[in-house]
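To be precise, the following lines are protein08.tsv, and they hold TSV, C-alpha atoms and all ligand atoms.
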chain	number	residue	atom	x	y	z
G	200	MET	CA	229.58	21.28	60.39
G	201	ALA	CA	233.30	21.75	60.45
G	202	GLY	CA	233.07	25.50	60.99
G	203	MET	CA	231.54	24.99	64.38
G	204	ASN	CA	234.53	23.12	65.67
G	205	TYR	CA	237.22	25.60	64.81
G	206	ASN	CA	238.69	27.08	67.92
G	207	ILE	CA	239.03	30.63	66.72
G	208	PRO	CA	240.35	33.08	69.31
G	209	THR	CA	238.74	36.41	70.06
G	210	VAL	CA	240.31	38.97	67.74
G	211	LEU	CA	241.61	42.08	69.49
G	212	SER	CA	240.96	45.47	67.93
G	213	ALA	CA	243.97	47.54	66.86
G	214	ASP	CA	243.71	49.67	70.00
G	215	GLU	CA	243.45	46.64	72.24
G	216	LEU	CA	246.44	44.99	70.63
G	217	ILE	CA	248.55	48.15	70.95
G	218	GLU	CA	247.43	48.57	74.54
G	219	LYS	CA	248.22	44.95	75.41
G	220	THR	CA	251.65	45.21	73.77
G	221	PHE	CA	252.67	48.46	75.42
G	222	HIS	CA	251.33	47.37	78.76
G	223	ARG	CA	253.50	44.25	78.71
G	224	ALA	CA	256.55	46.14	77.47
G	225	ALA	CA	256.16	48.81	80.14
G	226	LYS	CA	256.58	46.22	82.87
G	227	ILE	CA	259.94	45.01	81.57
G	228	SER	CA	263.20	46.15	83.15
G	229	LYS	CA	266.69	44.66	83.00
G	230	THR	CA	269.90	45.37	84.93
G	231	GLY	CA	273.25	45.78	83.21
G	232	SER	CA	276.80	46.46	84.23
G	233	ASP	CA	276.32	50.24	84.19
G	234	ALA	CA	273.61	52.81	83.46
G	235	LEU	CA	274.05	52.66	79.67
G	236	ASP	CA	274.15	48.86	79.66
G	237	THR	CA	271.02	48.72	81.84
G	238	LYS	CA	269.23	51.08	79.46
G	239	LYS	CA	270.29	49.10	76.42
G	240	LYS	CA	269.31	45.72	77.87
G	241	THR	CA	265.95	47.09	78.97
G	242	ILE	CA	265.21	48.60	75.57
G	243	LEU	CA	266.32	45.42	73.80
G	244	ALA	CA	264.00	43.37	76.01
G	245	LYS	CA	261.08	45.77	75.49
G	246	ILE	CA	261.48	45.76	71.72
G	247	THR	CA	261.84	41.99	71.60
G	248	ALA	CA	258.81	41.40	73.80
G	249	SER	CA	256.51	43.86	72.07
G	250	GLY	CA	257.54	42.74	68.60
G	251	ASP	CA	257.01	39.12	69.58
G	252	ILE	CA	253.60	39.74	71.13
G	253	VAL	CA	252.36	41.34	67.94
G	254	VAL	CA	253.88	38.69	65.67
G	255	THR	CA	252.58	35.82	67.79
G	256	THR	CA	249.12	37.32	68.15
G	257	LEU	CA	248.66	38.09	64.46
G	258	GLY	CA	250.29	34.82	63.39
G	259	GLY	CA	247.97	32.95	65.76
G	260	TYR	CA	244.92	34.52	64.14
G	261	VAL	CA	246.16	33.63	60.66
G	262	LYS	CA	246.79	30.05	61.75
G	263	LYS	CA	243.52	29.51	63.58
G	264	PHE	CA	241.08	30.94	61.06
G	265	PRO	CA	239.93	28.20	58.70
G	266	ARG	CA	241.50	28.05	55.25
G	267	MET	CA	238.95	28.53	52.57
G	268	GLU	CA	240.79	26.05	50.37
G	269	LYS	CA	239.33	23.19	52.38
G	270	GLU	CA	236.14	23.65	50.48
G	271	ASP	CA	235.04	20.05	50.64
G	272	ASP	CA	234.20	20.15	54.31
G	273	PHE	CA	233.00	23.67	54.38
G	274	LEU	CA	230.18	24.99	52.19
G	275	PRO	CA	232.02	27.71	50.39
G	276	GLU	CA	228.93	29.42	49.03
G	277	LEU	CA	227.39	29.65	52.45
G	278	ILE	CA	230.58	31.03	53.95
G	279	ASP	CA	230.88	33.46	51.09
G	280	LEU	CA	227.35	34.66	51.59
G	281	ILE	CA	227.81	35.08	55.30
G	282	ILE	CA	231.31	36.47	55.48
G	283	GLY	CA	232.54	37.36	52.00
G	284	ILE	CA	235.48	35.19	50.97
G	285	ASP	CA	237.38	37.94	49.10
G	286	GLN	CA	237.49	40.28	52.06
G	287	TYR	CA	238.20	37.36	54.37
G	288	LYS	CA	241.25	36.36	52.39
G	289	LYS	CA	242.38	39.98	52.08
G	290	SER	CA	242.12	40.51	55.82
G	291	LEU	CA	244.10	37.39	56.66
G	292	GLY	CA	246.68	38.52	54.10
G	293	ALA	CA	246.84	41.94	55.74
G	294	LEU	CA	247.53	40.36	59.13
G	295	ASN	CA	250.27	38.29	57.62
G	296	TRP	CA	251.75	41.40	56.02
G	297	ALA	CA	251.69	43.35	59.31
G	298	SER	CA	253.20	40.42	61.18
G	299	ASN	CA	256.12	40.22	58.72
G	300	ARG	CA	256.63	43.98	58.87
G	301	VAL	CA	256.72	43.97	62.65
G	302	GLU	CA	259.21	41.09	62.72
G	303	LYS	CA	261.46	43.01	60.36
G	304	LEU	CA	261.03	46.25	62.30
G	305	LYS	CA	261.90	44.46	65.51
G	306	ASN	CA	265.11	43.02	64.10
G	307	GLU	CA	266.18	46.33	62.57
G	308	SER	CA	265.50	48.19	65.79
G	309	LEU	CA	267.40	45.61	67.85
G	310	ARG	CA	270.39	45.98	65.54
G	311	GLU	CA	270.30	49.78	65.85
G	312	VAL	CA	270.13	49.56	69.63
G	313	ARG	CA	273.12	47.25	69.80
G	314	ARG	CA	275.16	49.64	67.66
G	315	THR	CA	274.39	52.74	69.73
G	316	LYS	CA	276.22	54.17	72.73
G	317	ASP	CA	274.24	57.40	72.99
G	318	PRO	CA	271.35	57.25	75.49
G	319	LYS	CA	269.46	59.95	73.57
G	320	ILE	CA	269.62	57.94	70.35
G	321	LEU	CA	268.52	54.86	72.29
G	322	ASN	CA	265.39	56.71	73.39
G	323	SER	CA	264.66	57.87	69.90
G	324	ILE	CA	265.09	54.33	68.48
G	325	LYS	CA	262.68	53.09	71.10
G	326	SER	CA	260.01	55.70	70.40
G	327	SER	CA	260.39	55.36	66.67
G	328	PHE	CA	259.97	51.57	67.08
G	329	TYR	CA	256.78	52.05	69.08
G	330	GLY	CA	255.50	54.59	66.61
G	331	ARG	CA	256.02	52.36	63.60
G	332	LEU	CA	254.70	49.32	65.46
G	333	SER	CA	251.45	51.17	66.25
G	334	SER	CA	251.25	52.42	62.71
G	335	TYR	CA	251.45	48.88	61.29
G	336	ILE	CA	248.75	47.71	63.67
G	337	ASN	CA	246.56	50.71	62.89
G	338	GLN	CA	246.87	49.98	59.21
G	339	ILE	CA	245.13	46.63	59.74
G	340	SER	CA	242.50	47.90	62.18
G	341	LYS	CA	239.66	47.33	59.69
G	342	ASP	CA	240.89	43.81	58.99
G	343	LEU	CA	240.99	42.99	62.68
G	344	LEU	CA	237.41	44.18	63.09
G	345	PHE	CA	236.32	42.26	60.02
G	346	LEU	CA	237.85	39.07	61.34
G	347	GLN	CA	236.31	39.50	64.78
G	348	ASP	CA	232.96	39.82	63.05
G	349	ALA	CA	233.71	36.78	60.89
G	350	LYS	CA	234.59	34.82	64.01
G	351	ASN	CA	231.16	35.56	65.47
G	352	LYS	CA	229.53	34.48	62.26
G	353	PHE	CA	231.52	31.25	62.11
G	354	ARG	CA	230.34	30.50	65.60
G	355	ASN	CA	226.75	30.94	64.50
G	356	LEU	CA	226.93	28.64	61.52
G	357	PRO	CA	224.26	25.99	61.72
G	358	ALA	CA	225.17	22.70	63.34
G	359	VAL	CA	224.33	20.97	60.13
G	360	ASP	CA	226.58	18.63	58.25
G	361	PRO	CA	226.50	19.68	54.60
G	362	GLN	CA	227.52	16.16	53.56
G	363	VAL	CA	224.40	14.59	55.04
G	364	PRO	CA	221.27	14.55	52.85
G	365	THR	CA	218.95	17.19	54.22
G	366	LEU	CA	215.20	17.61	54.15
G	367	VAL	CA	213.92	21.07	54.97
G	368	VAL	CA	210.34	21.55	56.12
G	369	ALA	CA	208.47	24.68	55.08
G	370	GLY	CA	205.01	26.13	55.42
G	371	PHE	CA	203.08	28.80	57.31
G	372	PRO	CA	203.20	28.97	61.11
G	373	ASN	CA	201.02	26.38	62.88
G	374	VAL	CA	200.57	24.08	59.90
G	375	GLY	CA	202.29	21.36	61.94
G	376	LYS	CA	205.96	21.55	60.90
G	377	SER	CA	207.51	21.11	64.35
G	378	LYS	CA	205.13	18.33	65.26
G	379	LEU	CA	206.05	16.45	62.08
G	380	VAL	CA	209.82	16.94	62.53
G	381	THR	CA	209.53	15.61	66.06
G	382	VAL	CA	207.56	12.55	64.96
G	383	LEU	CA	209.91	11.80	62.05
G	384	SER	CA	213.13	12.26	64.04
G	385	THR	CA	214.83	9.29	65.61
G	386	ALA	CA	215.93	11.38	68.60
G	387	ALA	CA	214.65	14.66	69.99
G	388	PRO	CA	215.49	17.47	67.54
G	389	GLN	CA	218.10	20.01	68.63
G	390	ILE	CA	217.91	23.75	68.28
G	391	ALA	CA	220.95	25.08	66.43
G	392	PRO	CA	221.96	28.70	65.96
G	393	TYR	CA	221.58	30.07	62.49
G	394	PRO	CA	223.15	33.22	61.05
G	395	PHE	CA	220.90	36.26	60.67
G	396	THR	CA	218.17	34.92	62.91
G	397	THR	CA	217.68	34.99	66.63
G	398	LYS	CA	215.47	31.93	66.60
G	399	GLY	CA	217.81	29.22	65.35
G	400	ILE	CA	216.82	26.22	63.33
G	401	VAL	CA	215.58	22.89	64.58
G	402	VAL	CA	217.64	19.93	63.43
G	403	GLY	CA	216.37	16.38	63.73
G	404	HIS	CA	217.95	13.20	62.44
G	405	ILE	CA	216.51	10.18	60.74
G	406	GLU	CA	218.52	7.00	61.15
G	407	ASP	CA	218.15	4.66	58.22
G	408	ASP	CA	220.11	1.42	58.74
G	409	TRP	CA	223.66	2.71	58.47
G	410	ARG	CA	222.75	6.04	56.86
G	411	LYS	CA	221.76	9.23	58.57
G	412	PHE	CA	219.63	12.08	57.25
G	413	GLN	CA	218.93	15.54	58.54
G	414	ILE	CA	215.51	17.04	58.84
G	415	ILE	CA	215.33	20.75	59.47
G	416	ASP	CA	212.52	22.91	60.73
G	417	THR	CA	213.05	26.61	60.19
G	418	PRO	CA	210.87	28.72	62.42
G	419	GLY	CA	210.22	32.08	60.82
G	420	LEU	CA	212.37	31.52	57.73
G	421	LEU	CA	210.18	29.80	55.19
G	422	ASP	CA	206.80	30.93	56.38
G	423	ARG	CA	206.60	34.20	54.56
G	424	SER	CA	206.95	35.12	50.94
G	425	PHE	CA	210.53	35.80	49.89
G	426	GLU	CA	209.58	39.18	48.45
G	427	ASP	CA	208.28	40.35	51.85
G	428	ARG	CA	211.66	39.90	53.48
G	429	ASN	CA	214.38	42.37	54.28
G	430	ASP	CA	217.84	41.89	52.84
G	431	ILE	CA	219.22	40.06	55.83
G	432	GLU	CA	216.32	37.62	55.87
G	433	LYS	CA	216.73	37.09	52.15
G	434	GLN	CA	220.35	36.16	52.76
G	435	ALA	CA	219.27	33.74	55.45
G	436	VAL	CA	216.87	32.06	53.04
G	437	LEU	CA	219.51	31.91	50.32
G	438	ALA	CA	222.02	30.42	52.73
G	439	LEU	CA	219.47	27.82	53.74
G	440	ARG	CA	219.01	27.04	50.09
G	441	TYR	CA	222.54	25.57	50.03
G	442	LEU	CA	221.68	23.13	52.78
G	443	THR	CA	218.44	21.94	51.24
G	444	ASP	CA	218.47	18.75	49.21
G	445	ILE	CA	214.73	18.19	49.35
G	446	MET	CA	211.94	20.36	50.67
G	447	LEU	CA	208.73	19.22	52.25
G	448	PHE	CA	206.09	21.91	52.01
G	449	ILE	CA	203.17	21.49	54.38
G	450	LEU	CA	199.68	22.72	53.58
G	451	ASP	CA	197.05	22.77	56.30
G	452	PRO	CA	193.68	22.42	54.55
G	453	SER	CA	191.85	22.63	57.90
G	454	GLU	CA	193.08	26.22	57.98
G	455	THR	CA	193.27	25.93	61.76
G	456	CYS	CA	196.73	27.40	61.31
G	457	GLY	CA	195.01	30.70	60.59
G	458	TYR	CA	195.91	30.98	56.91
G	459	SER	CA	193.58	30.32	53.99
G	460	MET	CA	194.52	27.65	51.46
G	461	GLU	CA	194.78	30.41	48.91
G	462	LYS	CA	197.45	32.16	50.99
G	463	GLN	CA	199.20	28.86	51.59
G	464	THR	CA	199.41	28.01	47.89
G	465	GLU	CA	200.70	31.52	47.21
G	466	LEU	CA	203.48	30.92	49.70
G	467	LEU	CA	204.26	27.59	48.05
G	468	ALA	CA	204.59	29.32	44.67
G	469	SER	CA	206.89	31.95	46.16
G	470	ILE	CA	209.06	29.30	47.80
G	471	ARG	CA	209.23	27.35	44.55
G	472	ASN	CA	210.69	30.50	43.02
G	473	SER	CA	213.37	31.11	45.63
G	474	PHE	CA	214.29	27.40	45.82
G	475	GLU	CA	214.52	26.80	42.12
G	476	GLY	CA	216.10	23.45	41.37
G	477	VAL	CA	215.20	21.97	44.76
G	478	PRO	CA	212.64	19.14	44.58
G	479	ILE	CA	209.57	20.08	46.64
G	480	ILE	CA	207.24	17.46	48.05
G	481	VAL	CA	203.84	18.87	49.00
G	482	ALA	CA	201.88	17.20	51.78
G	483	GLU	CA	198.67	18.14	53.56
G	484	SER	CA	198.62	17.95	57.35
G	485	LYS	CA	195.99	17.37	60.04
G	486	THR	CA	193.91	14.76	58.18
G	487	ASP	CA	192.17	14.11	61.48
G	488	LEU	CA	190.60	17.56	61.09
G	489	MET	CA	190.15	17.74	57.34
G	490	ARG	CA	191.00	15.58	54.39
G	491	THR	CA	190.82	16.85	50.84
G	492	ASP	CA	190.71	14.81	47.64
G	493	SER	CA	193.60	16.67	46.08
G	494	GLY	CA	196.32	14.48	44.65
G	495	ASN	CA	198.75	15.54	47.41
G	496	LEU	CA	200.06	13.30	50.14
G	497	HIS	CA	198.06	13.44	53.38
G	498	PHE	CA	199.08	12.82	56.93
G	499	SER	CA	198.31	13.53	60.53
G	500	ALA	CA	201.31	13.72	62.78
G	501	GLU	CA	198.81	13.68	65.65
G	502	THR	CA	197.09	10.35	64.87
G	503	GLY	CA	199.78	8.76	62.71
G	504	ASP	CA	197.45	8.56	59.71
G	505	GLY	CA	199.46	8.51	56.46
G	506	MET	CA	202.73	8.76	58.36
G	507	ASP	CA	204.14	5.45	57.13
G	508	GLU	CA	203.67	6.39	53.49
G	509	LEU	CA	205.10	9.84	54.05
G	510	ARG	CA	208.12	8.43	55.88
G	511	VAL	CA	208.77	5.84	53.17
G	512	LEU	CA	208.55	8.47	50.44
G	513	LEU	CA	210.85	10.93	52.24
G	514	ILE	CA	213.44	8.29	53.11
G	515	GLY	CA	213.34	7.00	49.53
G	516	ASN	CA	214.13	10.48	48.26
G	517	LEU	CA	216.87	11.02	50.84
G	518	ARG	CA	218.47	7.69	49.95
G	519	GLU	CA	218.51	8.81	46.35
G	520	ILE	CA	220.39	12.00	47.36
G	521	PHE	CA	222.79	9.89	49.39
G	522	ARG	CA	223.54	7.68	46.38
G	523	LYS	CA	223.99	10.73	44.15
G	524	ASN	CA	226.39	12.37	46.62
G	525	ALA	CA	228.35	9.15	46.99
G	526	ALA	CA	228.61	8.75	43.23
G	527	GLU	CA	229.81	12.36	42.84
G	528	ALA	CA	232.37	11.94	45.62
G	529	GLU	CA	233.85	8.94	43.83
G	530	ILE	CA	236.61	10.06	41.48
G	531	PRO	CA	236.40	7.73	38.51
G	532	GLN	CA	239.62	5.86	37.72
G	533	GLU	CA	240.70	5.89	34.12
G	534	GLY	CA	239.03	3.09	32.22
G	535	SER	CA	237.01	1.98	35.25
G	536	GLU	CA	233.76	2.60	33.45
G	537	GLU	CA	234.69	0.23	30.68
G	538	GLU	CA	235.64	-2.44	33.19
G	539	GLU	CA	232.23	-2.37	34.86
L	1	LIG	N1	194.59	18.12	64.93
L	1	LIG	C1	195.88	18.17	64.62
L	1	LIG	N2	196.65	19.16	65.12
L	1	LIG	C2	197.94	19.19	64.79
L	1	LIG	C3	198.54	18.23	63.93
L	1	LIG	N3	199.84	18.55	63.77
L	1	LIG	C4	200.04	19.64	64.52
L	1	LIG	N4	198.91	20.04	65.12
L	1	LIG	C5	198.72	21.17	66.02
L	1	LIG	O1	198.89	22.37	65.31
L	1	LIG	C6	199.55	23.34	66.10
L	1	LIG	C7	200.80	23.82	65.39
L	1	LIG	O2	201.71	22.73	65.25
L	1	LIG	P1	203.27	22.99	65.12
L	1	LIG	O3	203.88	21.70	64.83
L	1	LIG	O4	203.76	23.73	66.31
L	1	LIG	O5	203.25	23.98	63.88
L	1	LIG	P2	204.48	24.72	63.20
L	1	LIG	O6	204.21	24.69	61.76
L	1	LIG	O7	205.75	24.18	63.70
L	1	LIG	O8	204.28	26.22	63.73
L	1	LIG	P3	205.42	27.34	63.87
L	1	LIG	O9	206.55	26.74	64.65
L	1	LIG	O10	204.70	28.44	64.59
L	1	LIG	O11	205.81	27.72	62.50
L	1	LIG	C8	199.84	22.66	67.42
L	1	LIG	O12	198.85	23.03	68.35
L	1	LIG	C9	199.77	21.20	67.10
L	1	LIG	O13	199.38	20.42	68.19
L	1	LIG	C10	197.68	17.20	63.41
L	1	LIG	O14	198.10	16.32	62.66
L	1	LIG	N5	196.38	17.24	63.78
L	2	MG	MG	207.30	25.13	64.79
Let me see whether you can do it: turn the structure in this file into structure tokens.
Ligand SMILES: Nc1nc2c(ncn2[C@@H]2O[C@H](COP(=O)(O)OP(=O)(O)OP(=O)(O)O)[C@@H](O)[C@H]2O)c(=O)[nH]1
Ligand SMILES: [Mg+2]
Amino acid sequence: MAGMNYNIPTVLSADELIEKTFHRAAKISKTGSDALDTKKKTILAKITASGDIVVTTLGGYVKKFPRMEKEDDFLPELIDLIIGIDQYKKSLGALNWASNRVEKLKNESLREVRRTKDPKILNSIKSSFYGRLSSYINQISKDLLFLQDAKNKFRNLPAVDPQVPTLVVAGFPNVGKSKLVTVLSTAAPQIAPYPFTTKGIVVGHIEDDWRKFQIIDTPGLLDRSFEDRNDIEKQAVLALRYLTDIMLFILDPSETCGYSMEKQTELLASIRNSFEGVPIIVAESKTDLMRTDSGNLHFSAETGDGMDELRVLLIGNLREIFRKNAAEAEIPQEGSEEEE
């Protein structure tokens, strides 16, 4: 998704930014026509350089963090859940504010220096400049930390394109999810990082003439009841909810996965609850081991039994999502409906 490709710099903490600025300024020295002129030129150069470093650094952050207005290629709800859009916008605003203040402070201080002939006053202008500069930076220290954290979270956004119709596979461990995703995928599925989890999600693709669909396996995310999860895991499930167009829930009637059918249907009910509004297709795996006469779809990813029907059904549903998305993306022209 777009978020992955943003080249967001590492955000310095307030202390680090102050340190970097002062360190650079300390190295600057200029020579003038006499002692006073030398002092003035040096102070002017120090103020200019330190002001500019701060303005450029903060301005660079503001420029490189993604705008939340570009909602069409972003997944605003997901971003909001992960980062918090209000605080995000506030923090970028705070950086902008500090950057403007520092620019103004720099220009004022430069003017004062140029007007002064007293070395003592020069020193006091310089230290007052540094003091106020640090104070502005310290006032945004929380925002800098917030943005550094947001940067890490952006980096961990799933490598999933929210525009592409997406099938998410759920079910208890060992029911055969990974095996199925591998068999259905056109190319070998990739492991993508996912916020809140250390495991990542597995993303496969299905090529369908000129269309492309995503199929996602979520180790550890959809294999436990929602109620049993901690807050962070709940967020992860909710975030995943935004990516899911269709869900395939796998039941393993052979129970070789280690879970009874009763437990498995309980999990299905719980997932139905937390994914309200998402169509769920239920299919039973491992027909080579056990085949029930329930009305559900059956397949064995191992032997290929039932795989053609399953594939046709899934692709049919994904094509439907594709058509719906395309129709929604089309902005109707006035009167165009009558013309058709
Ligand atoms: N007999 C048989 N075994 C299968 C079939 N599909 C998967 N298995 C086996 O079941 C075990 C679990 O399969 P996975 O695909 O890893 O299951 P999973 O649901 O991804 O498990 P987790 O990643 O732990 O959640 C493996 O040993 C597979 O070889 C099948 O159709 N028939
Ligand atoms: Mg697996």
Long-range neighbours of Lys485 of chain G as a ChimeraX atom specification, 12 Å cut-off, all atoms listed in the file, 6 positions minimum in chain
/G:373-376,378-379,449-456,491,496-506
Would you mind listing the residues within 12 Å of ligand MG 2 (chain L), counting only C-alpha atoms and all ligand atoms, as a PyMOL selection string?
chain G and resi 368-381+388+390+398-402+415-422+449+456
Go ahead and write the residues just picked, C-alpha atoms, as an mmCIF file, in the coordinates of the input.
data_model
loop_
_atom_site.group_PDB
_atom_site.id
_atom_site.type_symbol
_atom_site.label_atom_id
_atom_site.label_comp_id
_atom_site.auth_asym_id
_atom_site.auth_seq_id
_atom_site.Cartn_x
_atom_site.Cartn_y
_atom_site.Cartn_z
ATOM 1 C CA VAL G 368 210.340 21.550 56.120
ATOM 2 C CA ALA G 369 208.470 24.680 55.080
ATOM 3 C CA GLY G 370 205.010 26.130 55.420
ATOM 4 C CA PHE G 371 203.080 28.800 57.310
ATOM 5 C CA PRO G 372 203.200 28.970 61.110
ATOM 6 C CA ASN G 373 201.020 26.380 62.880
ATOM 7 C CA VAL G 374 200.570 24.080 59.900
ATOM 8 C CA GLY G 375 202.290 21.360 61.940
ATOM 9 C CA LYS G 376 205.960 21.550 60.900
ATOM 10 C CA SER G 377 207.510 21.110 64.350
ATOM 11 C CA LYS G 378 205.130 18.330 65.260
ATOM 12 C CA LEU G 379 206.050 16.450 62.080
ATOM 13 C CA VAL G 380 209.820 16.940 62.530
ATOM 14 C CA THR G 381 209.530 15.610 66.060
ATOM 15 C CA PRO G 388 215.490 17.470 67.540
ATOM 16 C CA ILE G 390 217.910 23.750 68.280
ATOM 17 C CA LYS G 398 215.470 31.930 66.600
ATOM 18 C CA GLY G 399 217.810 29.220 65.350
ATOM 19 C CA ILE G 400 216.820 26.220 63.330
ATOM 20 C CA VAL G 401 215.580 22.890 64.580
ATOM 21 C CA VAL G 402 217.640 19.930 63.430
ATOM 22 C CA ILE G 415 215.330 20.750 59.470
ATOM 23 C CA ASP G 416 212.520 22.910 60.730
ATOM 24 C CA THR G 417 213.050 26.610 60.190
ATOM 25 C CA PRO G 418 210.870 28.720 62.420
ATOM 26 C CA GLY G 419 210.220 32.080 60.820
ATOM 27 C CA LEU G 420 212.370 31.520 57.730
ATOM 28 C CA LEU G 421 210.180 29.800 55.190
ATOM 29 C CA ASP G 422 206.800 30.930 56.380
ATOM 30 C CA ILE G 449 203.170 21.490 54.380
ATOM 31 C CA CYS G 456 196.730 27.400 61.310
#
Is it possible to get the axis-aligned box enclosing segment 421-426 of chain G (all listed atoms, 3 Å extra per side) as JSON, with centre and edge lengths in Å rounded to one decimal?
{"center_x": 208.6, "center_y": 34.5, "center_z": 52.4, "size_x": 9.9, "size_y": 15.4, "size_z": 13.9}
At what distance in Å, to one decimal, does atom CA of Thr220 of chain G lie from atom CA of Asp251 of chain G?
9.1 Å
Write out as a ChimeraX atom specification the residues lying within 9 Å of Phe521 of chain G, counting only C-alpha atoms and excluding same-chain residues fewer than 2 positions away.
/G:362-364,410,412,516-519,523-526
Spatial neighbours of Ala225 of chain G, max dist 12 Å, all atoms listed in the file, sep filter under 5 positions, as a VMD selection string:
chain G and resid 217 to 220 241 to 242 244 to 246 248 to 249 325 329
Let me see the file: selected residues, C-alpha atoms, as a compact mmCIF listing (two decimals), in the frame of the given file.
# COMPACT_ATOMS: atom_id res chain seq x y z
CA ILE G 217 248.55 48.15 70.95
CA GLU G 218 247.43 48.57 74.54
CA LYS G 219 248.22 44.95 75.41
CA THR G 220 251.65 45.21 73.77
CA THR G 241 265.95 47.09 78.97
CA ILE G 242 265.21 48.60 75.57
CA ALA G 244 264.00 43.37 76.01
CA LYS G 245 261.08 45.77 75.49
CA ILE G 246 261.48 45.76 71.72
CA ALA G 248 258.81 41.40 73.80
CA SER G 249 256.51 43.86 72.07
CA LYS G 325 262.68 53.09 71.10
CA TYR G 329 256.78 52.05 69.08
Atomic separation - atom O14 of ligand LIG 1 (chain L) relative to atom CA of Asp487 of chain G, Å:
6.4 Å
Counting all atoms listed in the file, which of G:Asp444, G:Asp408, G:Glu483, G:Glu432 gets nearest to ligand LIG 1 (chain L)?
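For ligand LIG 1 (chain L), the nearest of the candidates is G:Glu483.
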For Tyr458 of chain G, the nearest of the candidates G:Ile339, G:Ala435, G:Lys226, G:Arg423, counting only C-alpha atoms:
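Closest to Tyr458 of chain G, using only C-alpha atoms: G:Arg423.
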Distance criterion (all atoms listed in the file): nearest to ligand LIG 1 (chain L) out of G:Ile414, G:Leu216, G:Met489, G:Leu235:
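Closest to ligand LIG 1 (chain L) of all the choices is G:Met489.
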Could you check which residues have any atom within 12 Å of (238.6, 45.5, 58.9), counting all atoms listed in the file with coordinates taken straight from the file, and then list them as a list in words?
Val210, Leu211, Ser212, Ala213, Gln286, Tyr287, Lys288, Lys289, Ser290, Leu291, Gly292, Ala293, Leu294, Ile336, Asn337, Gln338, Ile339, Ser340, Lys341, Asp342, Leu343, Leu344, Phe345, Leu346, Gln347, Asp348 and Ala349 of chain G
